[in-house]
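Below is input.cif, holding mmCIF, C-alpha atoms.
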data_model
#
loop_
_atom_site.label_atom_id
_atom_site.label_comp_id
_atom_site.auth_asym_id
_atom_site.auth_seq_id
_atom_site.Cartn_x
_atom_site.Cartn_y
_atom_site.Cartn_z
CA MET A 1183 8.60 -142.53 -2.02
CA GLN A 1184 11.72 -141.52 -3.95
CA ASP A 1185 11.51 -141.19 -7.72
CA PRO A 1186 13.63 -143.66 -9.70
CA PRO A 1187 16.88 -142.37 -11.19
CA ILE A 1188 16.77 -141.00 -14.71
CA TRP A 1189 18.58 -144.00 -16.20
CA GLN A 1190 15.86 -146.32 -14.87
CA ARG A 1191 13.16 -144.08 -16.28
CA LEU A 1192 14.78 -144.07 -19.72
CA LEU A 1193 15.29 -147.83 -19.79
CA ALA A 1194 11.70 -148.42 -18.72
CA ALA A 1195 10.47 -146.05 -21.45
CA LEU A 1196 12.62 -147.77 -24.09
CA ALA A 1197 10.81 -151.05 -23.44
CA TYR A 1198 7.78 -149.65 -25.21
CA LEU A 1199 9.61 -149.73 -28.54
CA LEU A 1200 8.66 -153.42 -28.67
CA PRO A 1201 4.87 -152.93 -28.89
CA TRP A 1202 5.36 -149.83 -31.03
CA SER A 1203 7.28 -151.90 -33.59
CA ASP A 1204 4.38 -154.32 -33.90
CA ALA A 1205 1.77 -151.54 -34.07
CA ILE A 1206 3.34 -149.76 -37.04
CA PRO A 1207 1.98 -152.14 -39.73
CA PHE A 1208 -1.55 -151.33 -38.58
CA GLY A 1209 -1.00 -147.65 -39.35
CA GLN A 1210 0.22 -147.95 -42.94
CA GLY A 1211 -3.03 -146.43 -44.18
CA LEU A 1212 -2.50 -143.32 -42.06
CA PHE A 1213 1.03 -142.57 -43.24
CA GLY A 1214 -0.24 -141.07 -46.52
CA PRO A 1215 -2.76 -138.55 -45.11
CA LEU A 1216 -0.68 -137.88 -41.98
CA PRO A 1217 2.97 -137.83 -43.07
CA TRP A 1218 4.21 -136.67 -39.65
CA LEU A 1219 3.39 -140.17 -38.35
CA ARG A 1220 6.33 -141.47 -40.40
CA TRP A 1221 8.66 -139.53 -38.10
CA LEU A 1222 7.28 -141.43 -35.10
CA ALA A 1223 7.83 -144.72 -36.88
CA LEU A 1224 11.29 -143.95 -38.24
CA PRO A 1225 13.45 -145.19 -35.32
CA VAL A 1226 11.62 -148.49 -35.14
CA LEU A 1227 11.65 -149.02 -38.88
CA GLN A 1228 15.41 -148.51 -38.99
CA LEU A 1229 15.92 -151.04 -36.20
CA GLN A 1230 13.73 -153.58 -37.98
CA GLU A 1231 15.74 -153.20 -41.17
CA MET A 1232 19.10 -153.62 -39.40
CA VAL A 1233 18.20 -156.76 -37.42
CA PRO A 1234 16.16 -159.54 -39.02
CA PHE A 1235 13.65 -161.02 -36.56
CA GLY A 1236 14.51 -158.07 -34.31
CA SER A 1237 11.15 -158.01 -32.55
CA LEU A 1238 11.35 -161.70 -31.67
CA LEU A 1239 14.94 -161.43 -30.47
CA LEU A 1240 14.14 -158.33 -28.44
CA PHE A 1241 11.11 -160.06 -26.93
CA LEU A 1242 13.15 -163.07 -25.83
CA LEU A 1243 16.01 -160.94 -24.54
CA LEU A 1244 13.72 -158.69 -22.51
CA PHE A 1245 11.74 -161.55 -21.04
CA LEU A 1246 14.66 -163.79 -20.12
CA ALA A 1247 17.23 -161.18 -19.10
CA VAL A 1248 15.08 -158.47 -17.55
CA VAL A 1249 11.69 -159.71 -16.36
CA ARG A 1250 12.97 -162.88 -14.72
CA ASN A 1251 16.04 -161.25 -13.19
CA PRO A 1252 15.35 -160.18 -9.58
CA ARG A 1253 18.45 -157.94 -9.57
CA VAL A 1254 16.85 -155.62 -12.13
CA PRO A 1255 14.92 -152.79 -10.42
CA TYR A 1256 11.18 -153.38 -10.05
CA GLY A 1257 10.18 -150.36 -12.17
CA ILE A 1258 12.11 -151.61 -15.17
CA ARG A 1259 10.80 -155.16 -14.77
CA PHE A 1260 7.24 -153.86 -14.43
CA ASN A 1261 7.40 -151.75 -17.58
CA VAL A 1262 9.19 -154.38 -19.64
CA LEU A 1263 6.59 -157.01 -18.76
CA GLN A 1264 3.78 -154.55 -19.44
CA ALA A 1265 5.29 -153.76 -22.85
CA ILE A 1266 5.59 -157.48 -23.56
CA LEU A 1267 1.93 -158.09 -22.72
CA ILE A 1268 0.82 -155.21 -24.94
CA ASP A 1269 3.05 -156.62 -27.68
CA ILE A 1270 1.46 -160.07 -27.34
CA VAL A 1271 -1.98 -158.53 -27.80
CA LEU A 1272 -0.77 -156.67 -30.90
CA VAL A 1273 0.77 -159.82 -32.39
CA LEU A 1274 -2.48 -161.73 -31.80
CA LEU A 1275 -4.45 -158.92 -33.40
CA SER A 1276 -2.06 -158.97 -36.35
CA LEU A 1277 -2.64 -162.70 -36.80
CA ALA A 1278 -6.40 -162.24 -36.51
CA PHE A 1279 -6.33 -159.49 -39.13
CA SER A 1280 -4.25 -161.56 -41.53
CA ILE A 1281 -6.24 -164.77 -41.11
CA LEU A 1282 -9.80 -163.65 -40.49
CA LEU A 1283 -10.09 -160.23 -42.07
CA ALA A 1284 -7.78 -160.57 -45.08
CA PRO A 1285 -10.45 -162.36 -47.17
CA LEU A 1286 -12.88 -159.54 -46.35
CA SER A 1287 -10.53 -156.73 -47.33
CA GLY A 1288 -11.99 -156.58 -50.84
CA SER A 1289 -15.66 -156.30 -49.96
CA LEU A 1290 -15.30 -154.64 -46.56
CA GLY A 1291 -12.03 -152.82 -47.16
CA PHE A 1292 -13.19 -149.63 -45.49
CA LEU A 1293 -14.17 -151.51 -42.32
CA VAL A 1294 -10.86 -153.40 -42.19
CA ARG A 1295 -8.82 -150.19 -42.69
CA THR A 1296 -10.86 -148.46 -39.98
CA LEU A 1297 -10.19 -151.29 -37.55
CA GLN A 1298 -6.49 -151.25 -38.39
CA ASN A 1299 -6.30 -147.50 -37.88
CA THR A 1300 -8.11 -147.85 -34.55
CA VAL A 1301 -5.63 -150.46 -33.34
CA PHE A 1302 -2.72 -148.27 -34.47
CA LEU A 1303 -4.00 -145.13 -32.78
CA GLY A 1304 -4.83 -147.06 -29.60
CA ALA A 1305 -1.32 -148.49 -29.49
CA LEU A 1306 0.14 -145.04 -30.17
CA LEU A 1307 -1.79 -143.58 -27.24
CA LEU A 1308 -0.78 -146.45 -24.94
CA VAL A 1309 2.89 -146.06 -25.84
CA PHE A 1310 2.78 -142.27 -25.40
CA TYR A 1311 1.02 -142.60 -22.06
CA ALA A 1312 3.47 -145.21 -20.79
CA VAL A 1313 6.56 -143.30 -21.96
CA ILE A 1314 5.36 -140.02 -20.46
CA GLN A 1315 4.49 -141.67 -17.15
CA ASN A 1316 7.91 -143.34 -17.05
CA LEU A 1317 9.74 -140.10 -17.75
CA ARG A 1318 7.77 -138.49 -14.93
CA GLY A 1319 8.95 -141.27 -12.60
CA GLN A 1320 5.54 -142.92 -12.21
CA GLN A 1321 4.18 -146.28 -13.24
CA ALA A 1322 1.90 -146.36 -16.25
CA ASP A 1323 -1.22 -147.93 -14.80
CA ILE A 1324 -3.08 -149.56 -17.68
CA PRO A 1325 -6.23 -151.36 -16.52
CA THR A 1326 -6.09 -155.17 -16.64
CA VAL A 1327 -2.56 -155.17 -18.10
CA SER A 1328 -0.95 -153.63 -15.02
CA GLU A 1329 -2.90 -155.98 -12.76
CA ALA A 1330 -1.63 -158.98 -14.72
CA VAL A 1331 1.93 -157.65 -14.52
CA ARG A 1332 1.73 -157.18 -10.77
CA MET A 1333 0.44 -160.75 -10.34
CA GLN A 1334 3.36 -162.09 -12.37
CA LEU A 1335 6.04 -160.09 -10.58
CA PHE A 1336 4.95 -160.90 -7.03
#
Whole structure given in structure tokens:
Amino acid sequence: MQDPPIWQRLLAALAYLLPWSDAIPFGQGLFGPLPWLRWLALPVLQLQEMVPFGSLLLFLLLFLAVVRNPRVPYGIRFNVLQAILIDIVLVLLSLAFSILLAPLSGSLGFLVRTLQNTVFLGALLLVFYAVIQNLRGQQADIPTVSEAVRMQLF
């Protein structure tokens, strides 16, 4: 099988900025002890400042214009939908943290910060894995998520 062209690889890798933008608030506690993490967050933070509701607009644009468009190459559609599904999980986790765990942050603050850091580092690893696989010309096969994406695209 022939590897996708470089422009398709780059576009597929760029799709993972969407979940990365929603993972950054979970890592706020790590930016102090690990200042190099700020450099990883810088491009996304600048985009969020320039465009209000940027994540929502990007989500809608990617879903409507890319995932549902059969003329877009399969690799790009696959990665965009996978990034969207990861983003949905992160948004739901963000809501759960703000609704369920916010009242506990005083008494169980250490536990809440540990959970937030775990979500952040997990998202960071997922994004790195997916971007590296895309740049290599391969699909990032994430268990359960990739299966759901394949069911939606076929």
On this file, the PyMOL selection byres ((chain A and resi 1269) around 9) gives some set of residues; write that set as a short mmCIF file (atom, residue, chain, number, x, y, z; two decimals) with C-alpha atoms, in the frame of the given file.
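See expr_10.cif below for the written result:
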data_model
loop_
_atom_site.label_atom_id
_atom_site.label_comp_id
_atom_site.auth_asym_id
_atom_site.auth_seq_id
_atom_site.Cartn_x
_atom_site.Cartn_y
_atom_site.Cartn_z
CA TYR A 1198 7.78 -149.65 -25.21
CA LEU A 1200 8.66 -153.42 -28.67
CA PRO A 1201 4.87 -152.93 -28.89
CA TRP A 1202 5.36 -149.83 -31.03
CA SER A 1203 7.28 -151.90 -33.59
CA ASP A 1204 4.38 -154.32 -33.90
CA ALA A 1205 1.77 -151.54 -34.07
CA PHE A 1241 11.11 -160.06 -26.93
CA GLN A 1264 3.78 -154.55 -19.44
CA ALA A 1265 5.29 -153.76 -22.85
CA ILE A 1266 5.59 -157.48 -23.56
CA LEU A 1267 1.93 -158.09 -22.72
CA ILE A 1268 0.82 -155.21 -24.94
CA ILE A 1270 1.46 -160.07 -27.34
CA VAL A 1271 -1.98 -158.53 -27.80
CA LEU A 1272 -0.77 -156.67 -30.90
CA VAL A 1273 0.77 -159.82 -32.39
CA LEU A 1274 -2.48 -161.73 -31.80
#
**Atom pair atom CA of A:Phe1292 / atom CA of A:Ile1206: separation (Å)** =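 Going from atom CA of A:Phe1292 over to atom CA of A:Ile1206, I get 18.6 Å.
Across A:Ala1312, A:Leu1307, A:Leu1263, A:Ala1278, the tightest approach to A:Met1333 is made by A:Leu1263 when counting only C-alpha atoms.
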**Asked** At what distance in Å, to one decimal, does atom CA of A:Val1313 lie from atom CA of A:Ala1195?
**Response**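 About the pair atom CA of A:Ala1195 and atom CA of A:Val1313: they are 4.8 Å apart.
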**Request:** Would you please work out which residue, of A:Pro1325, A:Gly1209, A:Leu1286, A:Gly1319, is nearest to A:Gly1304 when using all atoms listed in the file?
**Result:**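 Of all the options, A:Gly1209 lies closest to A:Gly1304.
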**Request:** Rank A:Leu1240, A:Leu1246, A:Ala1197, A:Ile1324 by their smallest atom-to-atom distance to A:Tyr1311, using only C-alpha atoms, and report the top residue only.
**Result:**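 So, comparing all the options, the nearest one is A:Ile1324.
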**Asked** In Å, how far is it from atom CA of A:Asn1299 to atom CA of A:Asn1261?
**Response** 24.9 Å
**Request:** Find, counting only C-alpha atoms, the residue in A:Val1294, A:Phe1235, A:Arg1318, A:Pro1255 that gets nearest to A:Leu1282.
**Result:** A:Val1294
**Message:** Calculated over all atoms listed in the file, which of the candidates A:Arg1191, A:Arg1295, A:Arg1220, A:Arg1250 has the smallest distance to A:Ala1322?
**Reply:**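 Smallest distance to A:Ala1322 is found for A:Arg1191.
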**Request:** Using all atoms listed in the file, find the one residue out of A:Leu1303, A:Val1309, A:Asn1251, A:Leu1216 that sits nearest to A:Leu1199.
**Result:** A:Val1309
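When the PyMOL selection byres ((chain A and resi 1187) around 12) is evaluated against the file, it yields Gln1184, Asp1185, Pro1186, Ile1188, Trp1189, Gln1190, Arg1191, Leu1192, Leu1193, Ala1194, Pro1255, Gly1257, Ile1258, Asn1316, Leu1317, Arg1318, Gly1319 and Gln1320 of chain A.
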Starting from the incomplete input, reconstruct N, CA and C atoms of stretch 1290-1326 of chain A and report them as a CSV table (one decimal), in the coordinates of the input.
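Wrote it out as result.csv, contents follow:
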chain,number,residue,atom,x,y,z
A,1290,LEU,N,-15.2,-155.5,-47.7
A,1290,LEU,CA,-15.3,-154.6,-46.6
A,1290,LEU,C,-14.0,-153.9,-46.3
A,1291,GLY,N,-13.3,-153.5,-47.3
A,1291,GLY,CA,-12.0,-152.8,-47.2
A,1291,GLY,C,-12.0,-151.6,-46.2
A,1292,PHE,N,-13.1,-150.8,-46.3
A,1292,PHE,CA,-13.2,-149.6,-45.5
A,1292,PHE,C,-13.3,-150.0,-44.0
A,1293,LEU,N,-14.0,-151.0,-43.7
A,1293,LEU,CA,-14.2,-151.5,-42.3
A,1293,LEU,C,-12.8,-152.1,-41.8
A,1294,VAL,N,-12.1,-152.8,-42.6
A,1294,VAL,CA,-10.9,-153.4,-42.2
A,1294,VAL,C,-9.8,-152.3,-42.0
A,1295,ARG,N,-9.8,-151.3,-42.9
A,1295,ARG,CA,-8.8,-150.2,-42.7
A,1295,ARG,C,-9.2,-149.4,-41.4
A,1296,THR,N,-10.5,-149.2,-41.2
A,1296,THR,CA,-10.9,-148.5,-40.0
A,1296,THR,C,-10.4,-149.2,-38.7
A,1297,LEU,N,-10.6,-150.5,-38.7
A,1297,LEU,CA,-10.2,-151.3,-37.6
A,1297,LEU,C,-8.7,-151.2,-37.4
A,1298,GLN,N,-7.9,-151.3,-38.5
A,1298,GLN,CA,-6.5,-151.2,-38.4
A,1298,GLN,C,-6.0,-149.9,-37.9
A,1299,ASN,N,-6.6,-148.8,-38.4
A,1299,ASN,CA,-6.3,-147.5,-37.9
A,1299,ASN,C,-6.6,-147.3,-36.4
A,1300,THR,N,-7.7,-147.9,-36.0
A,1300,THR,CA,-8.1,-147.8,-34.6
A,1300,THR,C,-7.1,-148.6,-33.7
A,1301,VAL,N,-6.6,-149.7,-34.1
A,1301,VAL,CA,-5.6,-150.5,-33.3
A,1301,VAL,C,-4.3,-149.6,-33.3
A,1302,PHE,N,-3.9,-149.1,-34.4
A,1302,PHE,CA,-2.7,-148.3,-34.5
A,1302,PHE,C,-2.8,-147.1,-33.5
A,1303,LEU,N,-3.9,-146.3,-33.6
A,1303,LEU,CA,-4.0,-145.1,-32.8
A,1303,LEU,C,-4.1,-145.5,-31.3
A,1304,GLY,N,-4.8,-146.6,-31.0
A,1304,GLY,CA,-4.8,-147.1,-29.6
A,1304,GLY,C,-3.5,-147.4,-29.1
A,1305,ALA,N,-2.7,-148.1,-29.9
A,1305,ALA,CA,-1.3,-148.5,-29.5
A,1305,ALA,C,-0.4,-147.3,-29.3
A,1306,LEU,N,-0.6,-146.3,-30.3
A,1306,LEU,CA,0.1,-145.0,-30.2
A,1306,LEU,C,-0.2,-144.3,-28.9
A,1307,LEU,N,-1.4,-144.2,-28.5
A,1307,LEU,CA,-1.8,-143.6,-27.2
A,1307,LEU,C,-1.3,-144.3,-26.0
A,1308,LEU,N,-1.3,-145.7,-26.1
A,1308,LEU,CA,-0.8,-146.4,-24.9
A,1308,LEU,C,0.7,-146.2,-24.8
A,1309,VAL,N,1.4,-146.2,-25.9
A,1309,VAL,CA,2.9,-146.1,-25.8
A,1309,VAL,C,3.2,-144.7,-25.4
A,1310,PHE,N,2.5,-143.7,-25.9
A,1310,PHE,CA,2.8,-142.3,-25.4
A,1310,PHE,C,2.5,-142.1,-23.9
A,1311,TYR,N,1.4,-142.7,-23.5
A,1311,TYR,CA,1.0,-142.6,-22.1
A,1311,TYR,C,2.1,-143.3,-21.2
A,1312,ALA,N,2.5,-144.5,-21.6
A,1312,ALA,CA,3.5,-145.2,-20.8
A,1312,ALA,C,4.8,-144.5,-20.8
A,1313,VAL,N,5.3,-144.0,-21.9
A,1313,VAL,CA,6.6,-143.3,-22.0
A,1313,VAL,C,6.5,-142.0,-21.1
A,1314,ILE,N,5.5,-141.3,-21.2
A,1314,ILE,CA,5.4,-140.0,-20.5
A,1314,ILE,C,5.3,-140.3,-19.0
A,1315,GLN,N,4.6,-141.3,-18.6
A,1315,GLN,CA,4.5,-141.7,-17.2
A,1315,GLN,C,5.9,-142.1,-16.6
A,1316,ASN,N,6.6,-142.9,-17.5
A,1316,ASN,CA,7.9,-143.3,-17.0
A,1316,ASN,C,8.9,-142.2,-16.9
A,1317,LEU,N,8.8,-141.2,-17.8
A,1317,LEU,CA,9.7,-140.1,-17.8
A,1317,LEU,C,9.4,-139.2,-16.6
A,1318,ARG,N,8.2,-139.2,-16.1
A,1318,ARG,CA,7.8,-138.5,-14.9
A,1318,ARG,C,8.1,-139.2,-13.6
A,1319,GLY,N,8.6,-140.5,-13.8
A,1319,GLY,CA,9.0,-141.3,-12.6
A,1319,GLY,C,7.8,-142.0,-12.0
A,1320,GLN,N,6.7,-142.2,-12.7
A,1320,GLN,CA,5.5,-142.9,-12.2
A,1320,GLN,C,5.3,-144.2,-13.1
A,1321,GLN,N,4.5,-145.1,-12.5
A,1321,GLN,CA,4.2,-146.3,-13.2
A,1321,GLN,C,3.0,-146.0,-14.1
A,1322,ALA,N,3.0,-146.5,-15.3
A,1322,ALA,CA,1.9,-146.4,-16.2
A,1322,ALA,C,0.9,-147.4,-15.9
A,1323,ASP,N,-0.2,-147.0,-15.3
A,1323,ASP,CA,-1.2,-147.9,-14.8
A,1323,ASP,C,-2.3,-148.1,-15.9
A,1324,ILE,N,-2.2,-149.2,-16.6
A,1324,ILE,CA,-3.1,-149.6,-17.7
A,1324,ILE,C,-4.0,-150.6,-17.1
A,1325,PRO,N,-5.3,-150.4,-17.1
A,1325,PRO,CA,-6.2,-151.4,-16.5
A,1325,PRO,C,-6.1,-152.8,-17.1
A,1326,THR,N,-6.2,-153.7,-16.3
A,1326,THR,CA,-6.1,-155.2,-16.6
A,1326,THR,C,-4.6,-155.6,-16.9
